[in-house]
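*Asks:* Quick one: the structure is below, questions incoming.
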Amino acid sequence: MSDKATKRILIVGGGFAGMYTALHLEKIFTKDKDVEITLLNRDNFFLFTPMLSEVPSSSIEAKHVIAPIRAFFSKVSFQEVEVHSIDLNNHIVTASHCPGCKIYNMEYDYLVLALGSVTSFYGLPGVAKNSFPMKTLSDAMALRNHVIDMFEHADLEKDAQMRRQLLTFVVAGGGFAGVETAGELNDFAQTSRKYYRNIRPDEVKIILVESSSRIMPEISEDLAAFALKRLRKRGIEFCLQTKIVSAAPDKVEIDISVDHIPTNTLIWVAGTAPHPIIGTLPCEKDKRGRIIVNEYLEVPDWPGVCALGDCARIPDPKTGNPYPPTAQHAVREGKQVAKNIALTIRGKNDDKKPFKFSTIGTLAPLGHRTAIAEIKGFKFSGFFAWWLWRTIYLSKLPGLDRKIRVALDWTLNLFFPRDIVQLKVFMKSDVLEQSSHPETDTQ
Ligand SMILES: Cc1cc2nc3c(=O)[nH]c(=O)nc-3n(C[C@H](O)[C@H](O)[C@H](O)COP(=O)(O)OP(=O)(O)OC[C@H]3O[C@@H](n4cnc5c(N)ncnc54)[C@H](O)[C@@H]3O)c2cc1C
């Protein structure tokens, strides 16, 4: 750490953990000219992931689940960069704005590691190439366009088997994100079907594949059973204790049968891994590759370095187990890290507080104005839980304008079917490929 009067705090990653660290540091150091705070993120927006699964189903407009990072800060400097490497020995982070452009070396006195996690495909053959992850806004928009594309294509297709393949959507992973995505897709299929006159209701199939014997391990068994029953009743098929072993553009192979599921759509929400940059750092990690931190969220042996959010293993003093990787936790961790860094800068190391937090509750929407919720031991399901989910998450969405936009999207959904406009964004290669028409079908 330098002895210079000005202290430089560098926050790497502008998701829940990094963003809330920056927001609290901004408050603490508003008038302090001797502290420079910089936040680095690859996008110039903050993504509110709890509403992401409503983007592919056109329940919420994509731009409404993100908020411009710069709008939140006057003291904190924001840089839209891709971070390439972190040199903990020399206190330098290297980053660039775009591929192939200038590399910037950014020095720091205090470093906050908040890079989150990435989708893990577990090296399964064909899965990374032939599936749609659901982690970023681009993922959700790509999936939305693809789903609409499948409906457009199926409406034209005469061959019944091919139509079924186009209209089969496989969701891999029975955790919150998987169940929410399946429920939302089902709603989309129900409400937009009237536009596709050649598609029969029974041709649309949504299949959720989960390797364990139950869905939603994050919530009590009875609520998960309620969710399973409700979603099955609405037509979603569940393959529990089933593993996907490979994927191709037109099929998904599962382990319980020699057969395969013919489909052009595999949505992959079955696993995450810590960010690859975290793997390059010379600090201690757990079995899953997360940085091990102490109760102050500091990285042992690396003074001035903190890690939090999905990329860190943060011990829960009550149980000794790590806190779960959720936005709910990342937000609180950000506040604690900001306070502790401020105390260290002010020479009040002994006043630092360990991170302690008890999960307030867990809520998950199931589509069709139904949700499940477990708050402080109280359990809710059905319409009231759905209302709770919407009210609570709307209040958490940053920015008044975003709150209003999402509330309007939800209100419009009550009166109108989902938007089926397909935004085709062609890459050059796609345009070139369009000149060939291998098969013809007489109308
Ligand atoms: C679909 C979905 C639904 C979810 N629903 C809920 C929910 O309902 N409730 C809940 O509590 N949690 C939910 N979660 C989990 C929650 O989103 C995460 O736990 C939370 O985002 C973790 O925060 P983080 O800051 O550690 O990581 P992230 O939010 O992932 O932030 C990491 C940031 O780092 C940036 N970044 C990564 N690499 C680089 C790089 N090389 N250079 C620059 N920037 C980089 C990313 O762009 C991102 O902004 C959901 C997650 C998903 C995917």
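If you're wondering about the labels, chains in the structure tokens are A, B, ... by order shown, residues count from 1 in each chain, ligands from 1 in order shown.
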Find the nearest atom pair between each residue of chain A and ligand 1 for residues within 6 Å, count only C-alpha atoms and all ligand atoms, give distances in Å to one decimal, sort rows by chain and ascending number, and present the table as a Markdown table.
*Replies:*
| residue | atom | partner | partner_atom_place_in_ligand_line | distance |
| --- | --- | --- | --- | --- |
| A:Gly13 | CA | ligand 1 | 34 (O) | 3.4 |
| A:Gly14 | CA | ligand 1 | 49 (O) | 4.2 |
| A:Gly15 | CA | ligand 1 | 31 (O) | 3.2 |
| A:Phe16 | CA | ligand 1 | 25 (O) | 3.9 |
| A:Ala17 | CA | ligand 1 | 25 (O) | 3.6 |
| A:Gly18 | CA | ligand 1 | 25 (O) | 5.4 |
| A:Leu40 | CA | ligand 1 | 43 (C) | 5.9 |
| A:Asn41 | CA | ligand 1 | 44 (N) | 3.7 |
| A:Arg42 | CA | ligand 1 | 43 (C) | 3.9 |
| A:Asp43 | CA | ligand 1 | 47 (O) | 5.9 |
| A:Thr49 | CA | ligand 1 | 3 (C) | 4.7 |
| A:Pro50 | CA | ligand 1 | 5 (N) | 3.6 |
| A:Leu52 | CA | ligand 1 | 1 (C) | 5.3 |
| A:Ser53 | CA | ligand 1 | 1 (C) | 5.7 |
| A:Val81 | CA | ligand 1 | 43 (C) | 5.6 |
| A:Glu82 | CA | ligand 1 | 42 (N) | 3.6 |
| A:Val83 | CA | ligand 1 | 42 (N) | 3.7 |
| A:His84 | CA | ligand 1 | 41 (N) | 5.8 |
| A:Ala114 | CA | ligand 1 | 25 (O) | 5.3 |
| A:Leu115 | CA | ligand 1 | 34 (O) | 4.0 |
| A:Gly116 | CA | ligand 1 | 27 (O) | 3.3 |
| A:Ser117 | CA | ligand 1 | 30 (O) | 5.6 |
| A:Met134 | CA | ligand 1 | 1 (C) | 5.5 |
| A:Lys135 | CA | ligand 1 | 53 (C) | 4.2 |
| A:Ala177 | CA | ligand 1 | 1 (C) | 4.8 |
| A:Gly309 | CA | ligand 1 | 26 (O) | 3.3 |
| A:Asp310 | CA | ligand 1 | 26 (O) | 3.9 |
| A:Cys311 | CA | ligand 1 | 26 (O) | 5.9 |
| A:Pro325 | CA | ligand 1 | 19 (O) | 4.5 |
| A:Thr326 | CA | ligand 1 | 19 (O) | 3.2 |
| A:Ala327 | CA | ligand 1 | 11 (O) | 3.6 |
| A:Gln328 | CA | ligand 1 | 11 (O) | 4.2 |
| A:Ala330 | CA | ligand 1 | 23 (O) | 5.4 |
*Asks:* Out of region 93-257 of chain A, which residues get strand (DSSP E) from DSSP, as a PyMOL selection string?
*Replies:* chain A and resi 93-96+103-107+110-113+117-119+132-133+168-172+205-209+237-239+244-248+251-254
*Asks:* Excluding same-chain residues fewer than 3 positions from Pro68 (chain A), what lies within 10 Å of it counting only C-alpha atoms, as an mmCIF file with C-alpha atoms, in the first residue's frame?
*Replies:*
data_model
loop_
_atom_site.group_PDB
_atom_site.id
_atom_site.type_symbol
_atom_site.label_atom_id
_atom_site.label_comp_id
_atom_site.auth_asym_id
_atom_site.auth_seq_id
_atom_site.Cartn_x
_atom_site.Cartn_y
_atom_site.Cartn_z
ATOM 1 C CA ASP A 43 -21.149 -2.861 -19.333
ATOM 2 C CA ASN A 44 -22.142 0.676 -18.507
ATOM 3 C CA PHE A 45 -25.282 -0.610 -16.820
ATOM 4 C CA PHE A 46 -26.263 -2.476 -13.695
ATOM 5 C CA LEU A 47 -28.330 -5.617 -14.329
ATOM 6 C CA LYS A 63 -33.950 -2.095 -21.101
ATOM 7 C CA ALA A 71 -26.371 7.987 -13.097
ATOM 8 C CA PHE A 72 -25.830 6.776 -9.515
ATOM 9 C CA PRO A 398 -32.718 0.766 -8.530
ATOM 10 C CA GLY A 399 -33.966 4.028 -10.046
#
*Asks:* Just the alpha helix (DSSP H) stuff from region 103-344 of chain A, please, per backbone DSSP, written as JSON, numbers by chain.
*Replies:* {"A": [127, 128, 129, 130, 137, 138, 139, 140, 141, 142, 143, 144, 145, 146, 147, 148, 149, 150, 151, 152, 153, 154, 155, 156, 160, 161, 162, 163, 164, 165, 166, 176, 177, 178, 179, 180, 181, 182, 183, 184, 185, 186, 187, 188, 189, 190, 191, 192, 221, 222, 223, 224, 225, 226, 227, 228, 229, 230, 231, 232, 233, 276, 277, 278, 279, 327, 328, 329, 330, 331, 332, 333, 334, 335, 336, 337, 338, 339, 340, 341, 342, 343, 344]}
*Asks:* Might you pull out every residue within 9 Å of region 371-382 of chain A, with only C-alpha atoms counted and same-chain residues fewer than 3 positions away left off, and present them as a list in words?
*Replies:* Ile219, Ser220, Leu223, Ala224, Phe226, Ala227, Thr359, Ile360, Gly361, Thr362, Leu363, Ala364, Pro365, Leu366, Gly367, His368, Ala385, Trp386, Trp387, Leu388 and Trp389 of chain A
*Asks:* Only C-alpha atoms, please: the residues just picked out, written as a short mmCIF file (atom, residue, chain, number, x, y, z; two decimals), in the first residue's frame.
*Replies:*
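For reference, selection.cif as written:
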data_model
loop_
_atom_site.label_atom_id
_atom_site.label_comp_id
_atom_site.auth_asym_id
_atom_site.auth_seq_id
_atom_site.Cartn_x
_atom_site.Cartn_y
_atom_site.Cartn_z
CA ILE A 219 -36.68 -23.33 -0.48
CA SER A 220 -38.60 -25.71 1.85
CA LEU A 223 -43.22 -25.05 -1.18
CA ALA A 224 -41.08 -26.70 -3.85
CA PHE A 226 -46.40 -26.85 -4.49
CA ALA A 227 -44.41 -25.27 -7.33
CA THR A 359 -31.52 -14.41 5.11
CA ILE A 360 -34.74 -12.39 5.25
CA GLY A 361 -36.64 -14.57 2.86
CA THR A 362 -36.80 -16.34 -0.43
CA LEU A 363 -39.31 -15.60 -3.15
CA ALA A 364 -39.77 -17.09 -6.60
CA PRO A 365 -42.35 -16.33 -9.27
CA LEU A 366 -43.83 -19.31 -11.13
CA GLY A 367 -45.62 -17.41 -13.88
CA HIS A 368 -49.39 -17.09 -14.29
CA ALA A 385 -46.92 -14.63 -2.80
CA TRP A 386 -46.86 -13.38 -6.38
CA TRP A 387 -48.06 -9.93 -5.23
CA LEU A 388 -45.40 -9.96 -2.49
CA TRP A 389 -42.69 -10.91 -5.00
#
*Asks:* From the options A:Asn90, A:Pro125, A:Arg214, A:Ile420, which residue's atoms come nearest to Glu152 (chain A), counting only C-alpha atoms?
*Replies:*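 Among the listed residues, the smallest separation from Glu152 (chain A) belongs to A:Ile420.
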*Asks:* With only C-alpha atoms as the basis for distance, which of A:Thr344, A:Thr181, A:Ser59, A:Asn186 is at the shortest distance from Lys233 (chain A)?
*Replies:*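 For Lys233 (chain A), the nearest of the given residues is A:Asn186.
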*Asks:* Considering only C-alpha atoms, state which residue in the set A:Gly304, A:Ile11, A:Tyr296, A:Val65 is at the smallest distance from Asp401 (chain A).
*Replies:*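 Checking each of A:Gly304, A:Ile11, A:Tyr296, A:Val65 against Asp401 (chain A), counting only C-alpha atoms, the winner is A:Val65.
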*Asks:* Could you work out how far CA of Tyr20 (chain A) lies from CA of Gly334 (chain A), giving the answer in Å with one decimal?
*Replies:*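 Pair CA of Gly334 (chain A) / CA of Tyr20 (chain A) returns 5.0 Å.
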